[in-house]
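Structure file model-v8.txt (compact mmCIF, C-alpha atoms) follows.
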```txt
# COMPACT_ATOMS: atom_id res chain seq x y z
CA MET X 1 -157.41 -64.75 -68.64
CA THR X 2 -157.77 -61.72 -70.79
CA ARG X 3 -160.56 -59.30 -71.37
CA GLN X 4 -161.23 -56.95 -74.22
CA ALA X 5 -163.79 -54.24 -74.88
CA PHE X 6 -165.07 -52.76 -78.12
CA VAL X 7 -167.56 -50.03 -78.79
CA GLU X 8 -169.32 -48.57 -81.78
CA GLN X 9 -172.19 -46.21 -82.33
CA ILE X 10 -174.95 -48.07 -84.16
CA MET X 11 -178.71 -47.58 -84.35
CA GLY X 12 -178.29 -44.33 -82.48
CA LEU X 13 -176.89 -46.19 -79.51
CA PRO X 14 -173.49 -46.87 -78.11
CA VAL X 15 -173.05 -50.62 -78.53
CA SER X 16 -170.30 -52.32 -76.62
CA VAL X 17 -168.96 -55.83 -76.70
CA HIS X 18 -166.91 -57.22 -73.86
CA VAL X 19 -165.11 -60.49 -74.39
CA ARG X 20 -163.13 -62.39 -71.83
CA GLY X 21 -161.52 -65.73 -71.33
CA PRO X 22 -159.21 -67.71 -73.56
CA GLY X 23 -158.76 -66.06 -76.92
CA ALA X 24 -160.48 -62.84 -75.92
CA ASP X 25 -157.56 -60.79 -77.14
CA SER X 26 -156.98 -62.80 -80.30
CA PRO X 27 -157.40 -61.43 -83.81
CA ALA X 28 -160.14 -64.01 -84.25
CA ALA X 29 -162.10 -62.44 -81.40
CA ALA X 30 -161.65 -59.00 -82.90
CA ASN X 31 -162.91 -60.37 -86.22
CA ALA X 32 -165.91 -61.90 -84.51
CA VAL X 33 -166.71 -58.59 -82.85
CA ALA X 34 -166.35 -56.79 -86.17
CA GLY X 35 -168.79 -59.30 -87.61
CA ALA X 36 -171.25 -58.58 -84.82
CA PHE X 37 -171.05 -54.84 -85.40
CA ALA X 38 -171.44 -55.36 -89.14
CA GLU X 39 -174.56 -57.41 -88.51
CA LEU X 40 -176.05 -54.60 -86.43
CA ARG X 41 -175.25 -52.03 -89.09
CA ALA X 42 -176.83 -54.26 -91.72
CA MET X 43 -180.00 -54.59 -89.65
CA ASP X 44 -180.06 -50.84 -89.10
CA ALA X 45 -179.84 -50.33 -92.87
CA VAL X 46 -182.93 -52.47 -93.30
CA PHE X 47 -185.00 -51.32 -90.34
CA SER X 48 -184.02 -47.75 -89.57
CA PRO X 49 -187.10 -45.52 -89.45
CA TYR X 50 -184.80 -42.55 -90.00
CA ARG X 51 -183.23 -43.67 -93.26
CA PRO X 52 -185.35 -43.05 -96.33
CA ASP X 53 -183.51 -45.85 -98.14
CA SER X 54 -184.38 -48.48 -95.53
CA ARG X 55 -186.80 -51.27 -96.29
CA LEU X 56 -188.87 -50.08 -93.38
CA SER X 57 -189.22 -46.62 -94.85
CA ALA X 58 -190.25 -48.17 -98.17
CA LEU X 59 -192.82 -50.29 -96.36
CA ASN X 60 -194.28 -47.23 -94.67
CA ARG X 61 -194.47 -45.44 -98.00
CA GLY X 62 -196.65 -48.29 -99.20
CA GLU X 63 -194.07 -49.64 -101.61
CA PRO X 64 -193.83 -53.37 -102.21
CA VAL X 65 -191.09 -54.88 -100.07
CA ASP X 66 -189.89 -58.42 -100.64
CA ASP X 67 -187.33 -59.18 -97.96
CA PRO X 68 -187.23 -62.24 -95.71
CA LEU X 69 -185.82 -60.12 -92.88
CA VAL X 70 -188.82 -57.81 -93.06
CA ASP X 71 -191.15 -60.79 -93.17
CA ALA X 72 -189.46 -62.25 -90.12
CA VAL X 73 -189.86 -59.02 -88.18
CA LEU X 74 -193.47 -58.58 -89.23
CA ASP X 75 -194.15 -62.09 -87.93
CA LEU X 76 -192.32 -61.43 -84.68
CA CYS X 77 -194.20 -58.18 -84.12
CA GLU X 78 -197.49 -59.97 -84.55
CA GLN X 79 -196.33 -62.66 -82.10
CA ALA X 80 -195.29 -59.91 -79.70
CA ARG X 81 -198.67 -58.23 -79.94
CA GLN X 82 -200.38 -61.52 -79.15
CA ARG X 83 -198.04 -62.55 -76.36
CA THR X 84 -198.44 -59.19 -74.63
CA GLY X 85 -202.18 -58.86 -74.94
CA GLY X 86 -201.68 -55.92 -77.26
CA TYR X 87 -199.44 -53.97 -74.91
CA PHE X 88 -196.66 -54.26 -77.44
CA ASN X 89 -197.83 -52.97 -80.78
CA ALA X 90 -195.52 -51.96 -83.60
CA TYR X 91 -198.35 -50.21 -85.43
CA LEU X 92 -198.36 -46.69 -84.13
CA PRO X 93 -201.11 -44.22 -84.86
CA GLU X 94 -200.05 -41.33 -87.05
CA THR X 95 -201.13 -37.82 -86.37
CA GLY X 96 -203.85 -37.14 -88.86
CA GLY X 97 -204.95 -40.75 -89.11
CA GLY X 98 -203.46 -43.94 -90.39
CA THR X 99 -200.79 -46.03 -88.80
CA ARG X 100 -197.05 -46.32 -89.13
CA PHE X 101 -195.17 -49.57 -88.68
CA ASP X 102 -192.28 -49.01 -86.29
CA PRO X 103 -190.76 -52.26 -85.03
CA SER X 104 -187.82 -50.51 -83.36
CA GLY X 105 -188.82 -51.82 -79.95
CA LEU X 106 -188.40 -55.36 -81.17
CA VAL X 107 -185.71 -55.00 -83.80
CA LYS X 108 -183.04 -53.83 -81.40
CA GLY X 109 -183.09 -56.96 -79.24
CA TRP X 110 -183.57 -59.17 -82.26
CA ALA X 111 -180.65 -57.59 -84.09
CA VAL X 112 -178.44 -57.87 -81.02
CA GLU X 113 -179.25 -61.56 -80.81
CA ARG X 114 -178.36 -62.03 -84.45
CA ALA X 115 -175.15 -60.11 -83.93
CA ALA X 116 -174.31 -62.22 -80.90
CA GLU X 117 -174.26 -65.33 -83.08
CA HIS X 118 -171.01 -64.02 -84.52
CA LEU X 119 -169.49 -64.30 -81.04
CA GLU X 120 -170.37 -67.93 -80.47
CA GLY X 121 -167.65 -69.73 -78.59
CA TYR X 122 -166.58 -66.72 -76.52
CA ALA X 123 -167.61 -65.53 -73.10
CA PHE X 124 -169.00 -62.11 -73.89
CA TYR X 125 -171.72 -59.60 -73.43
CA LEU X 126 -173.15 -57.36 -76.11
CA ASN X 127 -174.76 -54.29 -74.62
CA ALA X 128 -176.89 -51.93 -76.69
CA GLY X 129 -177.97 -48.98 -74.60
CA GLY X 130 -178.48 -50.98 -71.43
CA ASP X 131 -180.05 -54.05 -73.01
CA MET X 132 -177.67 -56.93 -73.34
CA THR X 133 -177.22 -60.53 -74.26
CA VAL X 134 -174.53 -62.46 -72.42
CA ARG X 135 -172.65 -65.74 -72.72
CA GLY X 136 -170.90 -67.00 -69.67
CA SER X 137 -171.48 -65.48 -66.27
CA TRP X 138 -171.56 -61.72 -65.79
CA ARG X 139 -172.65 -59.54 -62.92
CA VAL X 140 -175.16 -56.99 -64.09
CA GLY X 141 -176.28 -54.03 -62.03
CA VAL X 142 -179.84 -52.80 -62.41
CA GLU X 143 -179.97 -49.03 -62.28
CA ASP X 144 -182.31 -47.19 -59.97
CA PRO X 145 -184.48 -45.15 -62.34
CA ALA X 146 -184.94 -42.48 -59.68
CA GLN X 147 -181.24 -42.22 -58.90
CA PRO X 148 -179.28 -43.24 -61.96
CA ASP X 149 -176.03 -43.10 -60.06
CA GLN X 150 -177.29 -45.87 -57.81
CA LEU X 151 -177.97 -49.50 -58.46
CA LEU X 152 -181.14 -51.15 -57.24
CA THR X 153 -179.60 -54.55 -57.22
CA THR X 154 -177.01 -56.71 -58.86
CA ILE X 155 -177.80 -59.99 -60.51
CA GLU X 156 -175.69 -62.71 -61.99
CA VAL X 157 -176.68 -63.44 -65.56
CA VAL X 158 -175.54 -66.67 -67.16
CA ASP X 159 -176.10 -67.34 -70.85
CA GLY X 160 -179.11 -65.09 -71.14
CA ALA X 161 -180.38 -61.60 -71.66
CA VAL X 162 -181.32 -58.54 -69.64
CA ALA X 163 -183.51 -55.71 -70.87
CA THR X 164 -184.77 -52.64 -69.09
CA SER X 165 -187.48 -50.36 -70.38
CA GLY X 166 -188.74 -47.27 -68.69
CA SER X 167 -190.30 -43.92 -68.96
CA ALA X 168 -188.29 -42.00 -66.42
CA HIS X 169 -185.37 -40.76 -68.45
CA ARG X 170 -186.88 -39.79 -71.71
CA GLY X 171 -190.24 -38.68 -70.50
CA ALA X 172 -193.10 -41.07 -71.05
CA HIS X 173 -191.90 -42.41 -74.39
CA ILE X 174 -193.84 -45.65 -74.13
CA VAL X 175 -197.55 -45.37 -74.75
CA ASP X 176 -200.36 -47.74 -73.88
CA PRO X 177 -201.38 -48.98 -77.32
CA HIS X 178 -204.92 -49.48 -76.09
CA THR X 179 -205.41 -45.84 -75.19
CA GLY X 180 -202.58 -44.00 -76.93
CA ALA X 181 -201.84 -42.32 -73.62
CA PRO X 182 -198.34 -42.22 -72.17
CA ALA X 183 -197.62 -45.17 -69.92
CA ARG X 184 -197.94 -44.43 -66.23
CA GLY X 185 -197.40 -46.33 -63.04
CA VAL X 186 -193.94 -47.76 -63.41
CA ARG X 187 -190.62 -46.06 -63.78
CA SER X 188 -188.84 -49.05 -65.20
CA VAL X 189 -189.16 -52.75 -65.79
CA THR X 190 -186.16 -55.07 -66.03
CA VAL X 191 -186.66 -58.50 -67.54
CA ILE X 192 -184.16 -61.33 -67.53
CA GLY X 193 -184.52 -64.46 -69.62
CA PRO X 194 -183.11 -66.55 -72.41
CA SER X 195 -183.92 -64.26 -75.35
CA LEU X 196 -183.16 -60.55 -75.60
CA THR X 197 -185.84 -60.10 -78.24
CA TRP X 198 -188.50 -61.27 -75.82
CA ALA X 199 -187.01 -59.81 -72.67
CA ASP X 200 -187.08 -56.41 -74.37
CA VAL X 201 -190.60 -56.87 -75.73
CA TYR X 202 -191.88 -58.00 -72.34
CA ALA X 203 -190.22 -55.10 -70.55
CA THR X 204 -191.68 -52.58 -72.96
CA ALA X 205 -195.13 -54.12 -72.76
CA ALA X 206 -195.00 -54.17 -68.96
CA VAL X 207 -194.17 -50.47 -68.85
CA ALA X 208 -197.16 -49.81 -71.08
CA GLN X 209 -199.40 -51.92 -68.87
CA GLY X 210 -198.29 -50.58 -65.50
CA PRO X 211 -197.66 -52.25 -62.14
CA GLN X 212 -200.31 -54.90 -62.62
CA ALA X 213 -198.10 -56.33 -65.36
CA VAL X 214 -196.18 -58.18 -62.66
CA THR X 215 -198.85 -60.87 -62.51
CA TRP X 216 -198.65 -61.34 -66.26
CA LEU X 217 -194.85 -61.38 -66.18
CA ALA X 218 -194.96 -64.11 -63.54
CA THR X 219 -196.73 -66.38 -66.00
CA LEU X 220 -193.98 -66.19 -68.63
CA PRO X 221 -191.89 -69.35 -68.52
CA GLY X 222 -188.16 -68.71 -68.35
CA TYR X 223 -188.48 -64.99 -67.66
CA GLU X 224 -188.29 -63.04 -64.43
CA ALA X 225 -188.89 -59.35 -63.90
CA LEU X 226 -188.30 -56.47 -61.52
CA LEU X 227 -190.66 -53.48 -61.67
CA VAL X 228 -190.08 -50.09 -60.12
CA GLY X 229 -193.28 -48.20 -59.45
CA ASP X 230 -193.73 -44.46 -59.82
CA ASP X 231 -193.60 -44.31 -56.04
CA GLY X 232 -190.36 -46.28 -55.97
CA ALA X 233 -192.02 -49.47 -54.78
CA LEU X 234 -190.42 -52.65 -56.07
CA LEU X 235 -192.36 -55.54 -57.49
CA ALA X 236 -190.73 -58.72 -58.68
CA THR X 237 -191.80 -62.04 -60.08
CA PRO X 238 -191.39 -64.94 -57.68
CA GLY X 239 -188.31 -66.30 -59.39
CA TRP X 240 -186.42 -63.01 -59.54
CA SER X 241 -182.94 -63.78 -58.35
CA LEU X 242 -181.66 -62.38 -55.13
CA PRO X 243 -178.71 -60.01 -55.42
CA ALA X 244 -175.63 -61.80 -56.60
CA MET I 1 -180.61 -34.61 -67.24
CA ARG I 2 -180.35 -38.04 -65.86
CA LYS I 3 -180.29 -39.88 -69.11
CA ILE I 4 -176.82 -38.72 -69.88
CA THR I 5 -175.48 -40.03 -66.65
CA ILE I 6 -176.69 -43.58 -66.33
CA TRP I 7 -174.81 -44.90 -69.20
CA PHE I 8 -171.70 -43.37 -67.78
CA LEU I 9 -172.14 -45.50 -64.75
CA ALA I 10 -172.19 -48.59 -66.87
CA THR I 11 -169.28 -47.46 -68.91
CA ILE I 12 -167.18 -46.41 -66.01
CA ALA I 13 -167.99 -49.44 -63.96
CA VAL I 14 -167.12 -51.74 -66.77
CA VAL I 15 -163.96 -50.05 -67.74
CA VAL I 16 -162.75 -49.56 -64.23
CA LEU I 17 -163.29 -53.18 -63.49
CA LEU I 18 -161.34 -54.00 -66.56
CA PHE I 19 -158.45 -52.12 -65.11
CA ASN I 20 -158.80 -53.79 -61.80
CA TYR I 21 -159.16 -57.12 -63.39
CA ARG I 22 -156.02 -56.77 -65.36
CA THR I 23 -153.98 -55.76 -62.42
CA SER I 24 -155.35 -58.38 -60.14
CA THR I 25 -154.67 -61.17 -62.57
CA ARG I 26 -151.24 -60.02 -63.54
CA PRO I 27 -149.28 -60.07 -60.36
CA ASP I 28 -146.10 -59.82 -62.34
CA SER I 29 -147.05 -56.54 -63.94
CA SER I 30 -146.66 -54.48 -60.82
CA PRO I 31 -146.33 -54.94 -57.12
CA SER I 32 -149.95 -53.94 -56.70
CA THR I 33 -152.82 -56.19 -55.84
CA GLY I 34 -155.43 -54.24 -57.72
CA THR I 35 -158.15 -54.91 -55.24
CA VAL I 36 -161.35 -53.19 -56.17
CA GLY I 37 -161.81 -50.17 -54.02
CA ASP I 38 -158.24 -50.22 -52.86
CA ALA I 39 -157.12 -46.65 -53.23
CA GLY I 40 -153.76 -45.76 -54.58
CA VAL I 41 -153.05 -48.93 -56.46
CA PRO I 42 -150.71 -48.25 -59.36
CA GLY I 43 -153.01 -50.35 -61.38
CA VAL I 44 -153.40 -49.43 -65.01
CA ALA I 45 -151.29 -51.72 -67.05
CA PRO I 46 -148.45 -49.69 -68.48
CA VAL I 47 -149.06 -47.88 -71.70
CA ASP I 48 -145.96 -47.76 -73.79
CA PRO I 49 -145.52 -44.12 -74.77
CA GLY I 50 -143.88 -45.22 -77.96
CA THR I 51 -146.95 -47.05 -79.15
CA SER I 52 -149.66 -44.97 -77.56
CA ARG I 53 -152.31 -43.46 -79.69
CA ARG I 54 -152.15 -39.79 -80.08
CA THR I 55 -155.09 -39.44 -77.73
CA VAL I 56 -153.61 -41.46 -74.88
CA LYS I 57 -150.77 -40.00 -72.88
CA ARG I 58 -149.02 -41.37 -69.88
CA SER I 59 -147.09 -39.31 -67.42
CA GLY I 60 -145.73 -41.08 -64.41
CA SER I 61 -148.59 -43.09 -62.97
CA THR I 62 -151.25 -40.97 -64.65
CA THR I 63 -152.81 -41.83 -67.96
CA VAL I 64 -154.74 -39.16 -69.80
CA ALA I 65 -157.05 -40.26 -72.57
CA ASN I 66 -158.84 -37.85 -74.85
CA GLY I 67 -161.99 -39.14 -76.43
CA PRO I 68 -162.80 -38.34 -80.01
CA ILE I 69 -164.84 -35.29 -80.85
CA VAL I 70 -168.42 -36.43 -81.09
CA GLN I 71 -170.95 -34.47 -83.07
CA THR I 72 -174.25 -34.22 -81.24
CA LYS I 73 -177.47 -32.43 -81.93
CA ARG I 74 -176.35 -29.78 -79.50
CA GLY I 75 -172.85 -29.44 -80.84
CA ARG I 76 -169.44 -30.98 -80.58
CA VAL I 77 -168.43 -32.83 -77.45
CA GLN I 78 -165.10 -34.19 -76.36
CA VAL I 79 -164.10 -35.40 -72.93
CA GLN I 80 -160.82 -36.27 -71.32
CA ALA I 81 -160.44 -39.00 -68.72
CA GLN I 82 -157.50 -39.16 -66.36
CA ILE I 83 -156.68 -42.48 -64.82
CA SER I 84 -154.22 -42.74 -62.00
CA GLY I 85 -153.42 -45.74 -59.89
CA GLY I 86 -155.98 -47.79 -61.74
CA ARG I 87 -158.75 -45.35 -60.93
CA ILE I 88 -160.53 -42.64 -62.80
CA THR I 89 -159.47 -39.49 -61.04
CA GLU I 90 -160.85 -36.84 -63.32
CA ILE I 91 -163.30 -36.46 -66.16
CA THR I 92 -163.07 -33.16 -67.94
CA PRO I 93 -165.10 -31.89 -70.85
CA MET I 94 -162.69 -30.45 -73.39
CA THR I 95 -165.20 -29.35 -75.95
CA VAL I 96 -168.79 -28.78 -75.01
CA PRO I 97 -171.72 -27.23 -76.76
CA ASN I 98 -172.62 -24.05 -74.97
CA SER I 99 -175.16 -22.63 -77.31
CA ASN I 100 -178.24 -22.82 -75.17
CA ASN I 101 -179.49 -23.13 -71.64
CA ARG I 102 -179.88 -26.85 -71.80
CA SER I 103 -176.31 -27.38 -72.84
CA ARG I 104 -175.03 -25.10 -70.13
CA GLU I 105 -177.15 -26.97 -67.63
CA ILE I 106 -175.70 -30.26 -68.79
CA ASN I 107 -172.19 -28.95 -68.51
CA LYS I 108 -172.80 -27.59 -65.07
CA ARG I 109 -174.15 -30.81 -63.66
CA ALA I 110 -172.80 -33.63 -65.74
CA VAL I 111 -169.18 -33.35 -64.80
CA PRO I 112 -169.58 -33.41 -61.02
CA GLN I 113 -172.03 -36.28 -61.35
CA LEU I 114 -169.62 -38.18 -63.48
CA ARG I 115 -166.90 -37.85 -60.93
CA THR I 116 -169.23 -39.11 -58.26
CA GLU I 117 -170.32 -42.00 -60.39
CA ALA I 118 -166.82 -42.92 -61.33
CA LEU I 119 -165.96 -43.20 -57.68
CA ALA I 120 -169.14 -45.09 -56.86
CA ALA I 121 -168.66 -47.47 -59.72
CA GLN I 122 -165.18 -48.33 -58.62
CA SER I 123 -166.52 -49.92 -55.50
CA ALA I 124 -169.26 -51.81 -57.30
CA GLN I 125 -168.51 -55.39 -58.20
CA ILE I 126 -170.31 -55.34 -61.48
CA ASP I 127 -169.57 -56.00 -65.11
CA ALA I 128 -172.37 -54.04 -66.72
CA VAL I 129 -175.49 -52.04 -65.97
CA SER I 130 -178.95 -52.52 -67.40
CA GLY I 131 -181.03 -49.38 -67.61
CA ALA I 132 -183.82 -47.80 -69.55
CA THR I 133 -182.72 -47.30 -73.09
CA LEU I 134 -180.67 -44.20 -73.46
CA THR I 135 -180.34 -42.00 -76.43
CA SER I 136 -176.97 -41.30 -77.82
CA ASP I 137 -175.00 -38.65 -76.09
CA GLY I 138 -171.69 -37.17 -76.95
CA TYR I 139 -170.40 -37.29 -73.44
CA LYS I 140 -170.71 -40.98 -72.98
CA GLU I 141 -169.56 -41.72 -76.49
CA SER I 142 -166.45 -39.66 -76.15
CA LEU I 143 -165.72 -40.88 -72.66
CA GLN I 144 -166.24 -44.49 -73.48
CA ALA I 145 -164.01 -44.21 -76.49
CA ALA I 146 -161.35 -42.51 -74.41
CA LEU I 147 -161.49 -45.19 -71.77
CA ASP I 148 -161.57 -47.98 -74.28
CA ASP I 149 -158.52 -46.53 -75.95
CA VAL I 150 -156.69 -46.76 -72.68
CA HIS I 151 -157.90 -50.26 -72.18
CA PHE I 152 -156.84 -51.35 -75.61
CA LYS I 153 -153.42 -49.92 -75.01
CA ALA I 154 -153.27 -51.69 -71.71
CA ASN I 155 -153.64 -54.95 -73.57
CA PRO I 156 -151.02 -54.92 -76.29
```
As structure tokens, the full file:
Amino acid sequence: MTRQAFVEQIMGLPVSVHVRGPGADSPAAANAVAGAFAELRAMDAVFSPYRPDSRLSALNRGEPVDDPLVDAVLDLCEQARQRTGGYFNAYLPETGGGTRFDPSGLVKGWAVERAAEHLEGYAFYLNAGGDMTVRGSWRVGVEDPAQPDQLLTTIEVVDGAVATSGSAHRGAHIVDPHTGAPARGVRSVTVIGPSLTWADVYATAAVAQGPQAVTWLATLPGYEALLVGDDGALLATPGWSLPA
Amino acid sequence: MRKITIWFLATIAVVVLLFNYRTSTRPDSSPSTGTVGDAGVPGVAPVDPGTSRRTVKRSGSTTVANGPIVQTKRGRVQVQAQISGGRITEITPMTVPNSNNRSREINKRAVPQLRTEALAAQSAQIDAVSGATLTSDGYKESLQAALDDVHFKANP
């Protein structure tokens, strides 16, 4: 059995694809990976908040935007806001009033899932900055946000997704949309489940909400979560898998 | 400070396990067993000097891979990874931004931490690491590229 790794820098993140199993080192696999990277670059071109020529930038300038991809993301962001009780909100207040639409917190996972469709038929994982979608069985370590050279635990992920959001490494970069204040209470939240889009949204929303989010996370069918409190205490949903 | 190091752990763990995996599933490639954590295994699949990329060099049992120069907000970064016996033995910054205190601080602490993590990762039976989203950083980009180059060459 062979195994192959690829990496590119997309969306400001190192994105890696690891493929293993029959055909992993074939030209067809390399083509599939190239297709996945191309998909991510295409989504970045549409949704980058940093590129003035992106559809997103046009939208925020108030220009008319007619793009089914943008419509799909607008719908998903509204779903995300509803599913998270408002703790995920892509409409960010601007300094000086008004709001800015920044769906980055949702687009990354969504784009990775789209990209992963190019890899159908292979055992792979596609990892974008620590958030990944996997096919087949892979052992995934969950970093300790207080000691990044240590792992809190290791889980086996089969045909699913893992996302971790946190405030520890970049300062409090997630805010509570209800108050606008930086999120406090948890260092990181890791969510595992079938969809990376939703695992990522749930993790981000849980960081914004704080430790009490664990009770909400426990109600989400198909998803399990591990929360690390500011004091290092661990909270997990009842179905969180024991270390693999 | 920490954000630049976590991703390394993932990268190193993944790549190192790739090496180990290759050696452990190719008993005909060397007399080694390639057991994870087994020191001194001549593990990295041979890189043919004749076909190596310019940035990957092999001398005896040691492979030296230079990552590409990565432009960062703080300046240009390039790292070199040395792999010997299937293990990362050294990670050296070749080009580092040194224009301000923060950069110097990164240089002072990142390299020793990377060495530690490389060693720690080699005993971890993992394929990948999930962590809070990290911003791009020249170190990990250059290192990952360097390691991936070696890996690619190890799988002709």
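Shortest separation to Tyr122 (chain X) among X:Arg100, X:Arg3, X:Arg51, X:Arg135 occurs at residue X:Arg135, atoms counted being all atoms listed in the file.
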Selection: 12 Å around region 26-35 of chain X, all atoms listed in the file, excl. self and same-chain fewer than 3 positions, as a count of residues only: 39
Point-to-point distance in Å for CA of Gly193 (chain X) and CA of Pro14 (chain X): 22.4 Å
Could the centre and edge lengths of an axis-aligned box, enclosing all atoms of region 201-205 of chain X in the file with 8 Å extra on each side, be given in Å to one decimal as lines of an AutoDock Vina configuration file?
```
center_x = -192.7
center_y = -55.3
center_z = -73.1
size_x = 20.9
size_y = 21.4
size_z = 21.2
```
Would you give me, as JSON lines, each residue of chain X having an atom within 9 Å of an atom of chain I, along with its shortest atom pair and that distance in Å to one decimal, using all atoms listed in the file and sorting by chain and residue number?
```
{"residue": "X:Met1", "atom": "CA", "partner": "I:Thr25", "partner_atom": "CA", "distance": 7.6}
{"residue": "X:Thr2", "atom": "CA", "partner": "I:Arg22", "partner_atom": "CA", "distance": 7.6}
{"residue": "X:Arg3", "atom": "CA", "partner": "I:Leu18", "partner_atom": "CA", "distance": 7.2}
{"residue": "X:Gln4", "atom": "CA", "partner": "I:Phe152", "partner_atom": "CA", "distance": 7.3}
{"residue": "X:Ala5", "atom": "CA", "partner": "I:Asp148", "partner_atom": "CA", "distance": 6.7}
{"residue": "X:Phe6", "atom": "CA", "partner": "I:Asp148", "partner_atom": "CA", "distance": 7.1}
{"residue": "X:Val7", "atom": "CA", "partner": "I:Ala145", "partner_atom": "CA", "distance": 7.2}
{"residue": "X:Glu8", "atom": "CA", "partner": "I:Glu141", "partner_atom": "CA", "distance": 8.7}
{"residue": "X:Gln9", "atom": "CA", "partner": "I:Glu141", "partner_atom": "CA", "distance": 7.8}
{"residue": "X:Gly12", "atom": "CA", "partner": "I:Ser136", "partner_atom": "CA", "distance": 5.7}
{"residue": "X:Leu13", "atom": "CA", "partner": "I:Ser136", "partner_atom": "CA", "distance": 5.2}
{"residue": "X:Pro14", "atom": "CA", "partner": "I:Ser136", "partner_atom": "CA", "distance": 6.6}
{"residue": "X:His18", "atom": "CA", "partner": "I:Val14", "partner_atom": "CA", "distance": 9.0}
{"residue": "X:Asp25", "atom": "CA", "partner": "I:Asn155", "partner_atom": "CA", "distance": 7.9}
{"residue": "X:Tyr125", "atom": "CA", "partner": "I:Ala128", "partner_atom": "CA", "distance": 8.7}
{"residue": "X:Asn127", "atom": "CA", "partner": "I:Ala128", "partner_atom": "CA", "distance": 8.3}
{"residue": "X:Ala128", "atom": "CA", "partner": "I:Thr133", "partner_atom": "CA", "distance": 8.3}
{"residue": "X:Gly129", "atom": "CA", "partner": "I:Thr133", "partner_atom": "CA", "distance": 5.3}
{"residue": "X:Gly130", "atom": "CA", "partner": "I:Ser130", "partner_atom": "CA", "distance": 4.3}
{"residue": "X:Asp131", "atom": "CA", "partner": "I:Ser130", "partner_atom": "CA", "distance": 5.9}
{"residue": "X:Met132", "atom": "CA", "partner": "I:Ser130", "partner_atom": "CA", "distance": 7.5}
{"residue": "X:Trp138", "atom": "CA", "partner": "I:Asp127", "partner_atom": "CA", "distance": 6.1}
{"residue": "X:Arg139", "atom": "CA", "partner": "I:Ile126", "partner_atom": "CA", "distance": 5.0}
{"residue": "X:Val140", "atom": "CA", "partner": "I:Ala128", "partner_atom": "CA", "distance": 4.8}
{"residue": "X:Gly141", "atom": "CA", "partner": "I:Val129", "partner_atom": "CA", "distance": 4.5}
{"residue": "X:Val142", "atom": "CA", "partner": "I:Ser130", "partner_atom": "CA", "distance": 5.1}
{"residue": "X:Glu143", "atom": "CA", "partner": "I:Gly131", "partner_atom": "CA", "distance": 5.4}
{"residue": "X:Asp144", "atom": "CA", "partner": "I:Gly131", "partner_atom": "CA", "distance": 8.1}
{"residue": "X:Pro145", "atom": "CA", "partner": "I:Gly131", "partner_atom": "CA", "distance": 7.6}
{"residue": "X:Ala146", "atom": "CA", "partner": "I:Arg2", "partner_atom": "CA", "distance": 8.9}
{"residue": "X:Gln147", "atom": "CA", "partner": "I:Arg2", "partner_atom": "CA", "distance": 8.2}
{"residue": "X:Pro148", "atom": "CA", "partner": "I:Ile6", "partner_atom": "CA", "distance": 5.1}
{"residue": "X:Asp149", "atom": "CA", "partner": "I:Glu117", "partner_atom": "CA", "distance": 5.8}
{"residue": "X:Gln150", "atom": "CA", "partner": "I:Ala120", "partner_atom": "CA", "distance": 8.2}
{"residue": "X:Leu151", "atom": "CA", "partner": "I:Val129", "partner_atom": "CA", "distance": 8.3}
{"residue": "X:Thr154", "atom": "CA", "partner": "I:Ile126", "partner_atom": "CA", "distance": 7.3}
{"residue": "X:Ile155", "atom": "CA", "partner": "I:Ile126", "partner_atom": "CA", "distance": 8.9}
{"residue": "X:Val162", "atom": "CA", "partner": "I:Ser130", "partner_atom": "CA", "distance": 6.8}
{"residue": "X:Ala163", "atom": "CA", "partner": "I:Ser130", "partner_atom": "CA", "distance": 6.6}
{"residue": "X:Thr164", "atom": "CA", "partner": "I:Ala132", "partner_atom": "CA", "distance": 5.0}
{"residue": "X:Ser165", "atom": "CA", "partner": "I:Ala132", "partner_atom": "CA", "distance": 4.5}
{"residue": "X:Gly166", "atom": "CA", "partner": "I:Ala132", "partner_atom": "CA", "distance": 5.0}
{"residue": "X:Ser167", "atom": "CA", "partner": "I:Ala132", "partner_atom": "CA", "distance": 7.6}
{"residue": "X:Ala168", "atom": "CA", "partner": "I:Ala132", "partner_atom": "CA", "distance": 8.0}
{"residue": "X:His169", "atom": "CA", "partner": "I:Lys3", "partner_atom": "CA", "distance": 5.2}
{"residue": "X:Arg170", "atom": "CA", "partner": "I:Lys3", "partner_atom": "CA", "distance": 7.1}
{"residue": "X:Ser188", "atom": "CA", "partner": "I:Ala132", "partner_atom": "CA", "distance": 6.8}
{"residue": "X:Val189", "atom": "CA", "partner": "I:Ala132", "partner_atom": "CA", "distance": 8.2}
{"residue": "X:Thr190", "atom": "CA", "partner": "I:Ser130", "partner_atom": "CA", "distance": 7.8}
```
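Here CA of Ala183 (chain X) is placed at a distance of 21.6 Å from CA of Leu152 (chain X).
Between CA of Pro64 (chain X) and CA of Pro52 (chain X) there is a distance of 14.6 Å.
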Written coordinates, C-alpha atoms of region 197-207 of chain X as an mmCIF file, in the first residue's frame:
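Okay, selection.cif is ready:
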```cif
data_model
loop_
_atom_site.group_PDB
_atom_site.id
_atom_site.type_symbol
_atom_site.label_atom_id
_atom_site.label_comp_id
_atom_site.auth_asym_id
_atom_site.auth_seq_id
_atom_site.Cartn_x
_atom_site.Cartn_y
_atom_site.Cartn_z
ATOM 1 C CA THR X 197 -18.798 22.694 7.342
ATOM 2 C CA TRP X 198 -20.896 22.030 10.409
ATOM 3 C CA ALA X 199 -18.149 20.680 12.635
ATOM 4 C CA ASP X 200 -16.268 23.939 12.054
ATOM 5 C CA VAL X 201 -19.340 26.113 12.574
ATOM 6 C CA TYR X 202 -20.231 24.283 15.779
ATOM 7 C CA ALA X 203 -16.698 24.530 17.120
ATOM 8 C CA THR X 204 -16.540 28.244 16.427
ATOM 9 C CA ALA X 205 -19.944 28.849 17.964
ATOM 10 C CA ALA X 206 -19.023 26.834 21.051
ATOM 11 C CA VAL X 207 -15.899 28.914 21.603
#
```
